[in-house]
>>> print(open('input-v1.cif').read())   # mmCIF, C-alpha atoms, pLDDT in the B column; chains and numbers go by the auth columns
data_my_file
#
loop_
_atom_site.group_PDB
_atom_site.id
_atom_site.type_symbol
_atom_site.label_atom_id
_atom_site.label_comp_id
_atom_site.label_asym_id
_atom_site.label_seq_id
_atom_site.Cartn_x
_atom_site.Cartn_y
_atom_site.Cartn_z
_atom_site.B_iso_or_equiv
_atom_site.auth_seq_id
_atom_site.auth_asym_id
ATOM 1 C CA CYS A 1 121.165 91.896 109.398 76.00 1 A
ATOM 2 C CA ASP A 2 117.736 92.901 110.598 79.00 2 A
ATOM 3 C CA GLY A 3 118.787 95.734 112.942 77.00 3 A
ATOM 4 C CA LYS A 4 117.704 93.933 116.118 78.00 4 A
ATOM 5 C CA GLY A 5 121.114 94.339 117.756 74.00 5 A
ATOM 6 C CA ALA A 6 120.893 98.104 117.230 73.00 6 A
ATOM 7 C CA GLY A 7 117.351 98.208 118.590 73.00 7 A
ATOM 8 C CA ILE A 8 115.715 99.197 115.306 77.00 8 A
ATOM 9 C CA GLU A 9 114.287 96.056 113.725 80.00 9 A
ATOM 10 C CA GLY A 10 110.988 96.259 111.896 83.00 10 A
ATOM 11 C CA GLN A 11 109.235 96.429 108.572 88.00 11 A
ATOM 12 C CA ASP A 12 106.318 97.903 106.703 87.00 12 A
ATOM 13 C CA ASP A 13 103.946 96.420 104.126 87.00 13 A
ATOM 14 C CA LEU A 14 105.126 98.817 101.430 84.00 14 A
ATOM 15 C CA THR A 15 108.874 98.166 101.261 82.00 15 A
ATOM 16 C CA GLY A 16 109.555 95.299 103.638 84.00 16 A
ATOM 17 C CA ALA A 17 112.073 94.807 106.397 86.00 17 A
ATOM 18 C CA LEU A 18 114.791 97.133 107.608 84.00 18 A
ATOM 19 C CA THR A 19 118.311 96.003 106.789 84.00 19 A
ATOM 20 C CA LEU A 20 121.523 97.072 108.456 83.00 20 A
ATOM 21 C CA ASN A 21 125.103 96.290 107.592 83.00 21 A
ATOM 22 C CA VAL A 22 128.500 97.283 108.801 84.00 22 A
ATOM 23 C CA GLY A 23 130.026 98.671 105.619 83.00 23 A
ATOM 24 C CA VAL A 24 133.470 99.773 106.758 88.00 24 A
ATOM 25 C CA VAL A 25 135.554 99.077 109.848 92.00 25 A
ATOM 26 C CA ASN A 26 138.805 100.971 110.493 91.00 26 A
ATOM 27 C CA VAL A 27 141.123 101.573 113.398 93.00 27 A
ATOM 28 C CA LYS A 28 142.412 105.157 113.405 86.00 28 A
ATOM 29 C CA HIS A 29 144.586 106.636 116.138 88.00 29 A
ATOM 30 C CA GLY A 30 143.628 103.813 118.475 88.00 30 A
ATOM 31 C CA LEU A 31 139.899 104.288 117.925 85.00 31 A
ATOM 32 C CA LEU A 32 137.553 101.865 116.232 86.00 32 A
ATOM 33 C CA GLU A 33 135.605 103.491 113.382 85.00 33 A
ATOM 34 C CA VAL A 34 132.487 101.678 112.149 84.00 34 A
ATOM 35 C CA VAL A 35 130.390 102.861 109.221 84.00 35 A
ATOM 36 C CA ILE A 36 126.857 101.497 109.462 81.00 36 A
ATOM 37 C CA ASN A 37 124.465 101.460 106.527 81.00 37 A
ATOM 38 C CA VAL A 38 120.762 101.279 107.395 81.00 38 A
ATOM 39 C CA ARG A 39 117.991 100.843 104.827 82.00 39 A
ATOM 40 C CA TYR A 40 114.738 101.427 106.634 83.00 40 A
ATOM 41 C CA PRO A 41 111.131 101.048 105.432 85.00 41 A
ATOM 42 C CA ALA A 42 109.755 103.905 103.327 84.00 42 A
ATOM 43 C CA THR A 43 106.884 104.629 105.715 86.00 43 A
ATOM 44 C CA TRP A 44 109.284 105.338 108.589 85.00 44 A
ATOM 45 C CA ASP A 45 111.083 108.596 109.224 81.00 45 A
ATOM 46 C CA ASP A 46 114.639 109.106 110.391 79.00 46 A
ATOM 47 C CA SER A 47 113.574 109.426 114.052 80.00 47 A
ATOM 48 C CA VAL A 48 113.787 105.616 114.089 73.00 48 A
ATOM 49 C CA LEU A 49 117.493 105.942 113.298 74.00 49 A
ATOM 50 C CA GLN A 50 117.930 108.496 116.072 76.00 50 A
ATOM 51 C CA ARG A 51 116.460 106.019 118.571 74.00 51 A
ATOM 52 C CA SER A 52 118.939 103.385 117.418 71.00 52 A
ATOM 53 C CA TRP A 53 121.867 105.758 117.796 75.00 53 A
ATOM 54 C CA ASP A 54 120.622 106.722 121.259 80.00 54 A
ATOM 55 C CA ASN A 55 120.595 103.003 122.121 76.00 55 A
ATOM 56 C CA LEU A 56 124.190 102.588 120.881 76.00 56 A
ATOM 57 C CA ILE A 57 125.367 105.748 122.684 80.00 57 A
ATOM 58 C CA GLU A 58 123.903 104.377 125.931 83.00 58 A
ATOM 59 C CA ARG A 59 126.148 101.337 125.374 81.00 59 A
ATOM 60 C CA GLY A 60 129.257 103.550 125.135 82.00 60 A
ATOM 61 C CA TRP A 61 129.480 104.262 121.400 79.00 61 A
ATOM 62 C CA THR A 62 130.039 107.780 120.054 79.00 62 A
ATOM 63 C CA LEU A 63 128.200 109.086 117.018 78.00 63 A
ATOM 64 C CA VAL A 64 130.695 111.208 115.077 77.00 64 A
ATOM 65 C CA GLU A 65 128.867 111.800 111.829 77.00 65 A
ATOM 66 C CA PHE A 66 125.337 111.229 110.539 75.00 66 A
ATOM 67 C CA ASP A 67 124.659 111.207 106.814 76.00 67 A
ATOM 68 C CA HIS A 68 121.091 110.518 105.789 75.00 68 A
ATOM 69 C CA THR A 69 119.254 109.902 102.547 77.00 69 A
ATOM 70 C CA ALA A 70 115.557 109.226 102.991 77.00 70 A
ATOM 71 C CA PRO A 71 114.082 106.036 101.530 80.00 71 A
ATOM 72 C CA LEU A 72 112.785 106.406 98.008 80.00 72 A
ATOM 73 C CA HIS A 73 109.386 105.038 97.034 82.00 73 A
ATOM 74 C CA VAL A 74 107.333 106.043 94.013 86.00 74 A
ATOM 75 C CA PRO A 75 103.911 104.334 93.875 87.00 75 A
ATOM 76 C CA ILE A 76 103.238 102.053 90.917 90.00 76 A
ATOM 77 C CA ASP A 77 100.365 104.240 89.698 93.00 77 A
ATOM 78 C CA GLN A 78 102.503 107.395 89.443 92.00 78 A
ATOM 79 C CA GLU A 79 104.991 108.629 86.858 93.00 79 A
ATOM 80 C CA PRO A 80 107.598 107.632 85.913 93.00 80 A
ATOM 81 C CA VAL A 81 106.790 104.128 87.210 93.00 81 A
ATOM 82 C CA LYS A 82 103.587 103.871 85.153 95.00 82 A
ATOM 83 C CA THR A 83 105.401 104.610 81.900 96.00 83 A
ATOM 84 C CA LEU A 84 108.467 102.505 82.668 95.00 84 A
ATOM 85 C CA LEU A 85 106.374 99.514 83.689 96.00 85 A
ATOM 86 C CA SER A 86 104.265 99.859 80.540 97.00 86 A
ATOM 87 C CA VAL A 87 107.376 99.937 78.338 97.00 87 A
ATOM 88 C CA TYR A 88 108.897 96.928 80.114 96.00 88 A
ATOM 89 C CA ARG A 89 105.695 94.911 79.798 96.00 89 A
ATOM 90 C CA ASP A 90 105.225 95.838 76.138 97.00 90 A
ATOM 91 C CA HIS A 91 108.729 94.609 75.300 97.00 91 A
ATOM 92 C CA THR A 92 108.848 91.502 77.490 95.00 92 A
ATOM 93 C CA GLY A 93 105.262 90.361 78.020 95.00 93 A
ATOM 94 C CA ASP A 94 106.142 89.996 81.716 93.00 94 A
ATOM 95 C CA MET A 95 103.092 91.133 83.693 94.00 95 A
ATOM 96 C CA SER A 96 104.519 90.362 87.135 90.00 96 A
ATOM 97 C CA ALA A 97 104.772 93.010 89.839 87.00 97 A
ATOM 98 C CA PRO A 98 107.813 95.270 89.530 86.00 98 A
ATOM 99 C CA LYS A 99 110.814 94.411 91.692 79.00 99 A
ATOM 100 C CA THR A 100 112.439 96.772 94.111 73.00 100 A
ATOM 101 C CA MET A 101 115.848 96.766 95.664 67.00 101 A
ATOM 102 C CA GLY A 102 117.210 98.224 98.841 61.00 102 A
ATOM 103 C CA GLY A 103 120.373 99.634 97.424 60.00 103 A
ATOM 104 C CA ARG A 104 121.176 103.321 97.185 62.00 104 A
ATOM 105 C CA THR A 105 121.089 104.126 93.497 68.00 105 A
ATOM 106 C CA TYR A 106 121.374 107.096 91.215 71.00 106 A
ATOM 107 C CA ALA A 107 117.579 107.409 91.580 74.00 107 A
ATOM 108 C CA THR A 108 117.899 108.970 95.034 73.00 108 A
ATOM 109 C CA SER A 109 119.593 111.990 93.475 75.00 109 A
ATOM 110 C CA VAL A 110 116.383 112.855 91.608 76.00 110 A
ATOM 111 C CA GLN A 111 113.924 112.484 94.459 69.00 111 A
ATOM 112 C CA PRO A 112 110.998 112.513 94.840 73.00 112 A
ATOM 113 C CA VAL A 113 110.232 110.837 91.512 76.00 113 A
ATOM 114 C CA GLY A 114 113.431 109.123 90.378 83.00 114 A
ATOM 115 C CA VAL A 115 113.397 105.355 90.124 86.00 115 A
ATOM 116 C CA ALA A 116 116.020 102.788 89.237 84.00 116 A
ATOM 117 C CA PHE A 117 115.235 101.034 85.963 88.00 117 A
ATOM 118 C CA GLY A 118 117.800 98.311 85.592 83.00 118 A
ATOM 119 C CA ALA A 119 118.652 95.502 83.244 83.00 119 A
ATOM 120 C CA ALA A 120 118.134 92.515 85.561 82.00 120 A
ATOM 121 C CA MET A 121 115.102 90.463 84.570 86.00 121 A
ATOM 122 C CA ALA A 122 113.317 87.407 85.927 82.00 122 A
ATOM 123 C CA GLY A 123 115.335 84.284 85.271 85.00 123 A
ATOM 124 C CA ASP A 124 118.653 86.094 84.798 87.00 124 A
ATOM 125 C CA PRO A 125 121.530 84.945 87.007 87.00 125 A
ATOM 126 C CA GLU A 126 122.247 87.287 89.933 85.00 126 A
ATOM 127 C CA VAL A 127 125.622 88.761 88.999 86.00 127 A
ATOM 128 C CA ALA A 128 125.295 92.447 89.897 81.00 128 A
ATOM 129 C CA HIS A 129 128.350 93.795 91.747 78.00 129 A
ATOM 130 C CA ARG A 130 129.984 90.370 91.783 84.00 130 A
ATOM 131 C CA PRO A 131 133.188 89.091 90.215 89.00 131 A
ATOM 132 C CA ASP A 132 132.743 88.613 86.473 88.00 132 A
ATOM 133 C CA GLU A 133 129.570 90.739 86.413 90.00 133 A
ATOM 134 C CA ASN A 134 128.190 90.396 82.899 91.00 134 A
ATOM 135 C CA ILE A 135 125.159 90.503 80.637 90.00 135 A
ATOM 136 C CA SER A 136 124.495 88.532 77.472 91.00 136 A
ATOM 137 C CA VAL A 137 124.623 90.328 74.128 95.00 137 A
ATOM 138 C CA GLU A 138 121.002 89.330 73.549 93.00 138 A
ATOM 139 C CA ARG A 139 119.900 90.872 76.874 93.00 139 A
ATOM 140 C CA TYR A 140 122.034 93.965 76.205 94.00 140 A
ATOM 141 C CA LEU A 141 120.360 94.565 72.844 97.00 141 A
ATOM 142 C CA GLN A 142 116.928 93.995 74.382 96.00 142 A
ATOM 143 C CA CYS A 143 117.736 96.563 77.081 96.00 143 A
ATOM 144 C CA ILE A 144 118.838 99.090 74.461 97.00 144 A
ATOM 145 C CA ARG A 145 115.437 98.755 72.767 98.00 145 A
ATOM 146 C CA ILE A 146 113.605 99.030 76.098 97.00 146 A
ATOM 147 C CA TYR A 147 115.624 102.064 77.263 97.00 147 A
ATOM 148 C CA GLY A 148 115.202 103.816 73.930 97.00 148 A
ATOM 149 C CA ASP A 149 111.437 103.333 74.023 98.00 149 A
ATOM 150 C CA ALA A 150 111.291 104.377 77.681 97.00 150 A
ATOM 151 C CA LEU A 151 113.191 107.609 76.991 96.00 151 A
ATOM 152 C CA TYR A 152 110.952 108.373 74.010 98.00 152 A
ATOM 153 C CA ARG A 153 107.735 107.791 75.982 97.00 153 A
ATOM 154 C CA LEU A 154 108.933 109.709 79.037 95.00 154 A
ATOM 155 C CA ALA A 155 109.921 112.659 76.851 95.00 155 A
ATOM 156 C CA ASN A 156 106.447 112.651 75.310 95.00 156 A
ATOM 157 C CA THR A 157 104.404 112.102 78.468 84.00 157 A
#
>>> encode(input="input-v1.cif", output="structure tokens")
Amino acid sequence: CDGKGAGIEGQDDLTGALTLNVGVVNVKHGLLEVVINVRYPATWDDSVLQRSWDNLIERGWTLVEFDHTAPLHVPIDQEPVKTLLSVYRDHTGDMSAPKTMGGRTYATSVQPVGVAFGAAMAGDPEVAHRPDENISVERYLQCIRIYGDALYRLANT
């Protein structure tokens, strides 16, 4: 959802709209436990999240634990995005703007310059994290060539 119910809706021009989802709901020892996942715009700081929690606490909720990973954004004109985009375009001829995703990926563990560089391409069916997730052999072999070239160029940048 857009976070409106938690009092934190909004967006920026760089990374788009905030998203919020209830990831896990449990009942433990008679208490309702709700794990909320918020992906907020890269130009915001975590004080926005604090305001939302304050809003929920005023409604009678209790914040038990807060785990935070800041949004990750590496500008298109900086490394490693420049090199990765160049490799992708050289191999595919696709000159469109790079796509971003709001998911928490391995890239956040190498902040501030890690980026996700995945195998999904324009026109491919959306099957990531779904039943029967798959990739064609042709696409797999293309990705191997792209990743190999990307690793070579990054190592020699």
>>> resolve_selection(input="input-v1.cif", expression="the PyMOL selection byres ((chain A and resi 106-122) around 8)", output="list in words")
Thr69, Leu72, His73, Val74, Glu79, Pro80, Val81, Leu84, Arg104, Thr105, Gly123, Asp124, Glu126, Arg139, Tyr140 and Cys143 of chain A
>>> closest_residue(input="input-v1.cif", among="A:Ala97, A:Val34, A:Ala150, A:Leu85", to="Leu63 (chain A)", atoms="all atoms listed in the file")
A:Val34
>>> atom_distance(input="input-v1.cif", atom1="CA of Thr19 (chain A)", atom2="CA of Gln78 (chain A)")
26.1 Å
>>> axis_aligned_box(input="input-v1.cif", around="region 9-17 of chain A", padding_each_side="4 Å", output="lines of an AutoDock Vina configuration file")
center_x = 109.1
center_y = 96.8
center_z = 107.5
size_x = 18.3
size_y = 12.0
size_z = 20.5
>>> residues_near_point(input="input-v1.cif", point="(113.8, 102.5, 76.1)", cutoff="12 Å", atoms="all atoms listed in the file", output="ChimeraX atom specification")
/A:83-91,117-119,140-155
>>> residues_near_point(input="input-v1.cif", point="(113.4, 98.5, 116.7)", cutoff="10 Å", atoms="all atoms listed in the file", output="ChimeraX atom specification")
/A:2-11,18,48-49,51-52
>>> atom_distance(input="input-v1.cif", atom1="CA of Glu33 (chain A)", atom2="CA of Ser47 (chain A)")
22.8 Å
